[in-house]
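Note sheet for the following structure.
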Amino acid sequence: MATRSRIGIQLSDDSILSVYCHWDGYPEFNGVKLVEQFNSYNKASELIDGGDISALWTNAGWDNETLEQTGPLYYSSRGEEPQPRLDSDLCEYLSPTGAEEYHYLFTNGEWVCYNMNQFDDSKLPEIVQIPSAALAV
């Protein structure tokens, strides 16, 4: 079952540029991989610039072939052209769409994870701790 997420980066004017990610959106996988692999503004920005993502960290291609490098599997690699979404601020970014269970935001030099299942119209979604331990393989 897919655990969908939205991955964003806060820009200098406080707007947020983000992409959709279909698989493994929970903090124990995507959260850990974001912290391990995309831990600077430049790396996070480059990730977002690629557009929507099927899997954040994989070595399997669209036909289940083994790829030479492990990394994001972008929808653009199968000919789609999804563009990053621009939200004017944090409240707009965190507005529930019904699709993503987690929203990740690179802000102030670190990743923050919001549990969208805990959304309540009266307050922002709950911030969830991203585990610091490496993933078991």
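Residues are named by chain letter and number: chains run A, B, ... in the order of the structure tokens, numbers start at 1 in each chain, and ligands are numbered from 1 in the order shown.
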Within 9 Å of region 3-17 of chain A, counting only C-alpha atoms, which residues qualify if same-chain residues fewer than 4 places away don't, as a JSON list (two decimals) with N, CA, C and O atoms, in the first residue's frame?
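Final output, saved to result_3.json:
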[["chain", "number", "residue", "atom", "x", "y", "z"],
["A", 21, "CYS", "N", 5.03, 12.62, -3.76],
["A", 21, "CYS", "CA", 5.79, 11.37, -3.76],
["A", 21, "CYS", "C", 4.84, 10.24, -3.42],
["A", 21, "CYS", "O", 4.17, 10.28, -2.38],
["A", 22, "HIS", "N", 4.76, 9.22, -4.27],
["A", 22, "HIS", "CA", 3.75, 8.18, -4.14],
["A", 22, "HIS", "C", 4.06, 7.10, -3.10],
["A", 22, "HIS", "O", 3.19, 6.69, -2.36],
["A", 23, "TRP", "N", 5.30, 6.62, -3.04],
["A", 23, "TRP", "CA", 5.61, 5.47, -2.18],
["A", 23, "TRP", "C", 6.39, 5.84, -0.93],
["A", 23, "TRP", "O", 7.18, 6.77, -0.93],
["A", 24, "ASP", "N", 6.20, 5.05, 0.12],
["A", 24, "ASP", "CA", 7.03, 5.05, 1.33],
["A", 24, "ASP", "C", 7.09, 6.40, 2.04],
["A", 24, "ASP", "O", 8.13, 6.78, 2.56],
["A", 25, "GLY", "N", 5.97, 7.09, 2.11],
["A", 25, "GLY", "CA", 5.96, 8.44, 2.65],
["A", 25, "GLY", "C", 6.12, 8.55, 4.15],
["A", 25, "GLY", "O", 6.32, 9.65, 4.66],
["A", 26, "TYR", "N", 6.08, 7.46, 4.87],
["A", 26, "TYR", "CA", 6.14, 7.53, 6.32],
["A", 26, "TYR", "C", 7.52, 8.00, 6.79],
["A", 26, "TYR", "O", 8.54, 7.84, 6.10],
["A", 30, "ASN", "N", 10.82, 7.73, 4.06],
["A", 30, "ASN", "CA", 11.08, 8.99, 3.35],
["A", 30, "ASN", "C", 11.69, 10.03, 4.27],
["A", 30, "ASN", "O", 12.60, 10.76, 3.85],
["A", 41, "TYR", "N", 20.07, 22.88, 1.52],
["A", 41, "TYR", "CA", 19.11, 23.61, 0.69],
["A", 41, "TYR", "C", 19.30, 23.25, -0.78],
["A", 41, "TYR", "O", 18.34, 23.02, -1.50],
["A", 44, "ALA", "N", 18.02, 19.64, -1.45],
["A", 44, "ALA", "CA", 16.55, 19.61, -1.37],
["A", 44, "ALA", "C", 15.94, 20.31, -2.58],
["A", 44, "ALA", "O", 14.97, 19.84, -3.17],
["A", 45, "SER", "N", 16.52, 21.43, -2.97],
["A", 45, "SER", "CA", 16.04, 22.18, -4.13],
["A", 45, "SER", "C", 16.17, 21.36, -5.41],
["A", 45, "SER", "O", 15.26, 21.32, -6.24],
["A", 48, "ILE", "N", 13.40, 18.73, -5.56],
["A", 48, "ILE", "CA", 12.10, 19.32, -5.91],
["A", 48, "ILE", "C", 12.06, 19.70, -7.39],
["A", 48, "ILE", "O", 11.04, 19.52, -8.06],
["A", 49, "ASP", "N", 13.16, 20.19, -7.91],
["A", 49, "ASP", "CA", 13.21, 20.61, -9.31],
["A", 49, "ASP", "C", 12.92, 19.48, -10.29],
["A", 49, "ASP", "O", 12.52, 19.72, -11.42],
["A", 84, "PRO", "N", 6.50, 21.07, -10.13],
["A", 84, "PRO", "CA", 6.34, 21.34, -8.71],
["A", 84, "PRO", "C", 5.18, 22.31, -8.46],
["A", 84, "PRO", "O", 4.84, 23.13, -9.33],
["A", 85, "ARG", "N", 4.56, 22.19, -7.30],
["A", 85, "ARG", "CA", 3.45, 23.05, -6.90],
["A", 85, "ARG", "C", 4.00, 24.19, -6.05],
["A", 85, "ARG", "O", 4.88, 23.98, -5.22],
["A", 86, "LEU", "N", 3.49, 25.40, -6.26],
["A", 86, "LEU", "CA", 3.90, 26.56, -5.47],
["A", 86, "LEU", "C", 2.74, 27.00, -4.59],
["A", 86, "LEU", "O", 1.66, 27.30, -5.08],
["A", 87, "ASP", "N", 2.98, 27.01, -3.27],
["A", 87, "ASP", "CA", 2.00, 27.50, -2.31],
["A", 87, "ASP", "C", 2.52, 28.80, -1.72],
["A", 87, "ASP", "O", 3.74, 28.97, -1.53],
["A", 88, "SER", "N", 1.62, 29.71, -1.41],
["A", 88, "SER", "CA", 2.02, 31.04, -0.96],
["A", 88, "SER", "C", 2.61, 31.05, 0.45],
["A", 88, "SER", "O", 3.41, 31.92, 0.78],
["A", 89, "ASP", "N", 2.22, 30.08, 1.29],
["A", 89, "ASP", "CA", 2.72, 30.06, 2.66],
["A", 89, "ASP", "C", 2.49, 28.68, 3.28],
["A", 89, "ASP", "O", 1.94, 27.78, 2.64],
["A", 90, "LEU", "N", 2.88, 28.52, 4.54],
["A", 90, "LEU", "CA", 2.77, 27.24, 5.22],
["A", 90, "LEU", "C", 1.33, 26.77, 5.33],
["A", 90, "LEU", "O", 1.03, 25.59, 5.12],
["A", 92, "GLU", "N", -1.22, 27.34, 3.35],
["A", 92, "GLU", "CA", -1.68, 26.83, 2.06],
["A", 92, "GLU", "C", -1.03, 25.48, 1.75],
["A", 92, "GLU", "O", -1.69, 24.56, 1.26],
["A", 93, "TYR", "N", 0.27, 25.35, 2.05],
["A", 93, "TYR", "CA", 0.98, 24.09, 1.82],
["A", 93, "TYR", "C", 0.36, 22.95, 2.62],
["A", 93, "TYR", "O", 0.24, 21.83, 2.13],
["A", 99, "ALA", "N", -4.96, 13.45, -0.24],
["A", 99, "ALA", "CA", -4.10, 12.49, -0.91],
["A", 99, "ALA", "C", -2.89, 12.08, -0.08],
["A", 99, "ALA", "O", -2.55, 10.91, -0.01],
["A", 100, "GLU", "N", -2.22, 13.03, 0.53],
["A", 100, "GLU", "CA", -0.96, 12.74, 1.20],
["A", 100, "GLU", "C", -1.14, 12.55, 2.70],
["A", 100, "GLU", "O", -1.81, 13.33, 3.35],
["A", 101, "GLU", "N", -0.48, 11.50, 3.23],
["A", 101, "GLU", "CA", -0.53, 11.24, 4.66],
["A", 101, "GLU", "C", 0.49, 12.07, 5.43],
["A", 101, "GLU", "O", 0.29, 12.37, 6.61],
["A", 102, "TYR", "N", 1.59, 12.42, 4.77],
["A", 102, "TYR", "CA", 2.64, 13.23, 5.41],
["A", 102, "TYR", "C", 3.08, 14.34, 4.48],
["A", 102, "TYR", "O", 3.13, 14.16, 3.27],
["A", 103, "HIS", "N", 3.42, 15.48, 5.08],
["A", 103, "HIS", "CA", 4.04, 16.58, 4.35],
["A", 103, "HIS", "C", 5.40, 16.83, 4.98],
["A", 103, "HIS", "O", 5.50, 16.94, 6.20],
["A", 104, "TYR", "N", 6.42, 16.91, 4.15],
["A", 104, "TYR", "CA", 7.77, 17.21, 4.60],
["A", 104, "TYR", "C", 8.14, 18.60, 4.11],
["A", 104, "TYR", "O", 7.79, 18.99, 3.00],
["A", 105, "LEU", "N", 8.84, 19.34, 4.96],
["A", 105, "LEU", "CA", 9.25, 20.70, 4.59],
["A", 105, "LEU", "C", 10.69, 20.92, 5.00],
["A", 105, "LEU", "O", 11.05, 20.73, 6.18],
["A", 106, "PHE", "N", 11.53, 21.33, 4.03],
["A", 106, "PHE", "CA", 12.89, 21.73, 4.35],
["A", 106, "PHE", "C", 12.85, 23.22, 4.65],
["A", 106, "PHE", "O", 12.54, 24.04, 3.79],
["A", 107, "THR", "N", 13.11, 23.55, 5.90],
["A", 107, "THR", "CA", 13.04, 24.94, 6.36],
["A", 107, "THR", "C", 14.10, 25.16, 7.44],
["A", 107, "THR", "O", 14.34, 24.27, 8.26],
["A", 108, "ASN", "N", 14.73, 26.30, 7.41],
["A", 108, "ASN", "CA", 15.76, 26.64, 8.40],
["A", 108, "ASN", "C", 16.84, 25.56, 8.51],
["A", 108, "ASN", "O", 17.30, 25.24, 9.61],
["A", 111, "TRP", "N", 14.71, 19.20, 7.93],
["A", 111, "TRP", "CA", 13.43, 18.64, 7.49],
["A", 111, "TRP", "C", 12.47, 18.58, 8.67],
["A", 111, "TRP", "O", 12.85, 18.16, 9.76]]
Write out as a compact mmCIF listing (two decimals) with all heavy atoms, in the first residue's frame which residues come within 12 Å of Asp63 (chain A) when counting only C-alpha atoms, dropping same-chain ones fewer than 4 positions away.
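The new file around.txt reads:
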# COMPACT_ATOMS: atom_id res chain seq x y z
N ASN A 59 16.38 1.65 -6.54
CA ASN A 59 17.24 1.32 -7.66
C ASN A 59 16.45 0.52 -8.70
O ASN A 59 17.03 -0.11 -9.58
CB ASN A 59 18.49 0.54 -7.22
CG ASN A 59 18.16 -0.86 -6.73
OD1 ASN A 59 17.01 -1.18 -6.43
ND2 ASN A 59 19.18 -1.69 -6.61
N LEU A 67 18.43 -0.22 -11.82
CA LEU A 67 19.08 0.98 -12.33
C LEU A 67 20.52 1.03 -11.84
O LEU A 67 20.88 0.42 -10.82
CB LEU A 67 18.32 2.22 -11.86
CG LEU A 67 16.85 2.30 -12.28
CD1 LEU A 67 16.17 3.50 -11.63
CD2 LEU A 67 16.72 2.35 -13.79
N LEU A 73 12.92 8.14 -8.23
CA LEU A 73 12.34 7.69 -9.49
C LEU A 73 11.27 8.72 -9.86
O LEU A 73 10.17 8.71 -9.32
CB LEU A 73 11.74 6.29 -9.36
CG LEU A 73 11.13 5.70 -10.63
CD1 LEU A 73 12.19 5.56 -11.73
CD2 LEU A 73 10.48 4.36 -10.33
N SER A 77 10.85 10.45 -15.86
CA SER A 77 11.66 9.41 -16.51
C SER A 77 10.82 8.45 -17.33
O SER A 77 11.36 7.64 -18.07
CB SER A 77 12.49 8.65 -15.47
OG SER A 77 11.67 7.87 -14.63
N ARG A 78 9.50 8.54 -17.23
CA ARG A 78 8.64 7.74 -18.11
C ARG A 78 7.82 8.64 -19.03
O ARG A 78 6.77 8.26 -19.55
CB ARG A 78 7.76 6.77 -17.33
CG ARG A 78 6.66 7.39 -16.52
CD ARG A 78 5.76 6.31 -15.92
NE ARG A 78 4.67 6.91 -15.18
CZ ARG A 78 3.83 6.25 -14.45
NH1 ARG A 78 3.93 4.94 -14.34
NH2 ARG A 78 2.87 6.87 -13.82
Residue nearest Ile127 (chain A) among A:Ser54, A:Leu94, A:Gly109, A:Val19 (counting only C-alpha atoms): A:Leu94
Would you mind writing down, as an mmCIF file with all heavy atoms, in the first residue's frame, each residue of region 4-88 of chain A that DSSP on the backbone assigns to alpha helix (DSSP H)?
data_model
loop_
_atom_site.group_PDB
_atom_site.id
_atom_site.type_symbol
_atom_site.label_atom_id
_atom_site.label_comp_id
_atom_site.auth_asym_id
_atom_site.auth_seq_id
_atom_site.Cartn_x
_atom_site.Cartn_y
_atom_site.Cartn_z
ATOM 1 N N VAL A 32 13.635 9.594 6.897
ATOM 2 C CA VAL A 32 15.044 9.247 7.106
ATOM 3 C C VAL A 32 15.860 9.530 5.846
ATOM 4 O O VAL A 32 16.949 10.103 5.910
ATOM 5 C CB VAL A 32 15.176 7.771 7.545
ATOM 6 C CG1 VAL A 32 16.633 7.318 7.524
ATOM 7 C CG2 VAL A 32 14.573 7.572 8.932
ATOM 8 N N LYS A 33 15.348 9.142 4.685
ATOM 9 C CA LYS A 33 16.095 9.363 3.434
ATOM 10 C C LYS A 33 16.261 10.850 3.139
ATOM 11 O O LYS A 33 17.311 11.277 2.637
ATOM 12 C CB LYS A 33 15.417 8.653 2.256
ATOM 13 C CG LYS A 33 15.664 7.170 2.249
ATOM 14 C CD LYS A 33 17.155 6.904 2.160
ATOM 15 C CE LYS A 33 17.503 5.456 2.350
ATOM 16 N NZ LYS A 33 18.945 5.261 2.529
ATOM 17 N N LEU A 34 15.250 11.649 3.429
ATOM 18 C CA LEU A 34 15.383 13.092 3.214
ATOM 19 C C LEU A 34 16.506 13.656 4.081
ATOM 20 O O LEU A 34 17.343 14.426 3.609
ATOM 21 C CB LEU A 34 14.060 13.805 3.514
ATOM 22 C CG LEU A 34 12.963 13.582 2.484
ATOM 23 C CD1 LEU A 34 11.620 14.073 3.021
ATOM 24 C CD2 LEU A 34 13.295 14.261 1.160
ATOM 25 N N VAL A 35 16.543 13.252 5.351
ATOM 26 C CA VAL A 35 17.580 13.730 6.265
ATOM 27 C C VAL A 35 18.961 13.231 5.838
ATOM 28 O O VAL A 35 19.938 13.980 5.863
ATOM 29 C CB VAL A 35 17.250 13.303 7.717
ATOM 30 C CG1 VAL A 35 18.428 13.549 8.654
ATOM 31 C CG2 VAL A 35 16.005 14.021 8.215
ATOM 32 N N GLU A 36 19.048 11.968 5.436
ATOM 33 C CA GLU A 36 20.343 11.388 5.052
ATOM 34 C C GLU A 36 20.868 11.896 3.712
ATOM 35 O O GLU A 36 22.059 12.157 3.569
ATOM 36 C CB GLU A 36 20.238 9.855 4.952
ATOM 37 C CG GLU A 36 20.116 9.142 6.262
ATOM 38 C CD GLU A 36 19.966 7.639 6.082
ATOM 39 O OE1 GLU A 36 19.720 7.173 4.934
ATOM 40 O OE2 GLU A 36 20.087 6.921 7.081
ATOM 41 N N GLN A 37 19.994 11.990 2.719
ATOM 42 C CA GLN A 37 20.441 12.223 1.345
ATOM 43 C C GLN A 37 20.212 13.640 0.815
ATOM 44 O O GLN A 37 20.870 14.053 -0.144
ATOM 45 C CB GLN A 37 19.743 11.235 0.393
ATOM 46 C CG GLN A 37 19.984 9.780 0.741
ATOM 47 C CD GLN A 37 21.443 9.380 0.604
ATOM 48 O OE1 GLN A 37 22.164 9.857 -0.270
ATOM 49 N NE2 GLN A 37 21.882 8.492 1.478
ATOM 50 N N TYR A 41 20.066 22.880 1.517
ATOM 51 C CA TYR A 41 19.111 23.609 0.689
ATOM 52 C C TYR A 41 19.305 23.245 -0.784
ATOM 53 O O TYR A 41 18.336 23.016 -1.502
ATOM 54 C CB TYR A 41 19.265 25.121 0.898
ATOM 55 C CG TYR A 41 18.224 25.911 0.140
ATOM 56 C CD1 TYR A 41 16.983 26.158 0.714
ATOM 57 C CD2 TYR A 41 18.472 26.373 -1.143
ATOM 58 C CE1 TYR A 41 16.006 26.866 0.019
ATOM 59 C CE2 TYR A 41 17.503 27.075 -1.843
ATOM 60 C CZ TYR A 41 16.280 27.320 -1.252
ATOM 61 O OH TYR A 41 15.318 28.011 -1.957
ATOM 62 N N ASN A 42 20.559 23.168 -1.224
ATOM 63 C CA ASN A 42 20.830 22.863 -2.636
ATOM 64 C C ASN A 42 20.348 21.463 -3.008
ATOM 65 O O ASN A 42 19.753 21.264 -4.069
ATOM 66 C CB ASN A 42 22.313 23.024 -2.954
ATOM 67 C CG ASN A 42 22.732 24.477 -3.010
ATOM 68 O OD1 ASN A 42 21.906 25.380 -3.136
ATOM 69 N ND2 ASN A 42 24.018 24.714 -2.886
ATOM 70 N N LYS A 43 20.600 20.470 -2.155
ATOM 71 C CA LYS A 43 20.172 19.100 -2.448
ATOM 72 C C LYS A 43 18.651 18.991 -2.420
ATOM 73 O O LYS A 43 18.058 18.322 -3.267
ATOM 74 C CB LYS A 43 20.785 18.126 -1.445
ATOM 75 C CG LYS A 43 22.272 17.928 -1.636
ATOM 76 C CD LYS A 43 22.831 17.000 -0.570
ATOM 77 C CE LYS A 43 24.329 16.828 -0.728
ATOM 78 N NZ LYS A 43 24.882 15.932 0.321
ATOM 79 N N ALA A 44 18.017 19.638 -1.454
ATOM 80 C CA ALA A 44 16.551 19.614 -1.367
ATOM 81 C C ALA A 44 15.937 20.315 -2.580
ATOM 82 O O ALA A 44 14.968 19.841 -3.166
ATOM 83 C CB ALA A 44 16.081 20.264 -0.072
ATOM 84 N N SER A 45 16.525 21.429 -2.971
ATOM 85 C CA SER A 45 16.044 22.179 -4.129
ATOM 86 C C SER A 45 16.173 21.362 -5.410
ATOM 87 O O SER A 45 15.256 21.323 -6.243
ATOM 88 C CB SER A 45 16.826 23.486 -4.243
ATOM 89 O OG SER A 45 16.392 24.232 -5.345
ATOM 90 N N GLU A 46 17.295 20.682 -5.577
ATOM 91 C CA GLU A 46 17.506 19.840 -6.757
ATOM 92 C C GLU A 46 16.480 18.699 -6.796
ATOM 93 O O GLU A 46 15.957 18.358 -7.857
ATOM 94 C CB GLU A 46 18.921 19.277 -6.729
ATOM 95 C CG GLU A 46 19.293 18.514 -7.978
ATOM 96 C CD GLU A 46 20.740 18.044 -7.952
ATOM 97 O OE1 GLU A 46 21.622 18.835 -7.589
ATOM 98 O OE2 GLU A 46 20.971 16.871 -8.297
ATOM 99 N N LEU A 47 16.177 18.116 -5.639
ATOM 100 C CA LEU A 47 15.169 17.057 -5.560
ATOM 101 C C LEU A 47 13.814 17.575 -6.048
ATOM 102 O O LEU A 47 13.159 16.954 -6.878
ATOM 103 C CB LEU A 47 15.050 16.550 -4.121
ATOM 104 C CG LEU A 47 13.926 15.562 -3.849
ATOM 105 C CD1 LEU A 47 14.211 14.222 -4.520
ATOM 106 C CD2 LEU A 47 13.725 15.387 -2.354
ATOM 107 N N ILE A 48 13.396 18.726 -5.563
ATOM 108 C CA ILE A 48 12.103 19.324 -5.908
ATOM 109 C C ILE A 48 12.059 19.697 -7.391
ATOM 110 O O ILE A 48 11.040 19.519 -8.060
ATOM 111 C CB ILE A 48 11.821 20.571 -5.044
ATOM 112 C CG1 ILE A 48 11.877 20.247 -3.548
ATOM 113 C CG2 ILE A 48 10.508 21.232 -5.431
ATOM 114 C CD1 ILE A 48 10.924 19.240 -3.044
ATOM 115 N N ASP A 49 13.163 20.192 -7.905
ATOM 116 C CA ASP A 49 13.213 20.615 -9.312
ATOM 117 C C ASP A 49 12.921 19.480 -10.286
ATOM 118 O O ASP A 49 12.516 19.721 -11.417
ATOM 119 C CB ASP A 49 14.569 21.232 -9.646
ATOM 120 C CG ASP A 49 14.742 22.623 -9.072
ATOM 121 O OD1 ASP A 49 13.740 23.225 -8.638
ATOM 122 O OD2 ASP A 49 15.895 23.102 -9.032
#
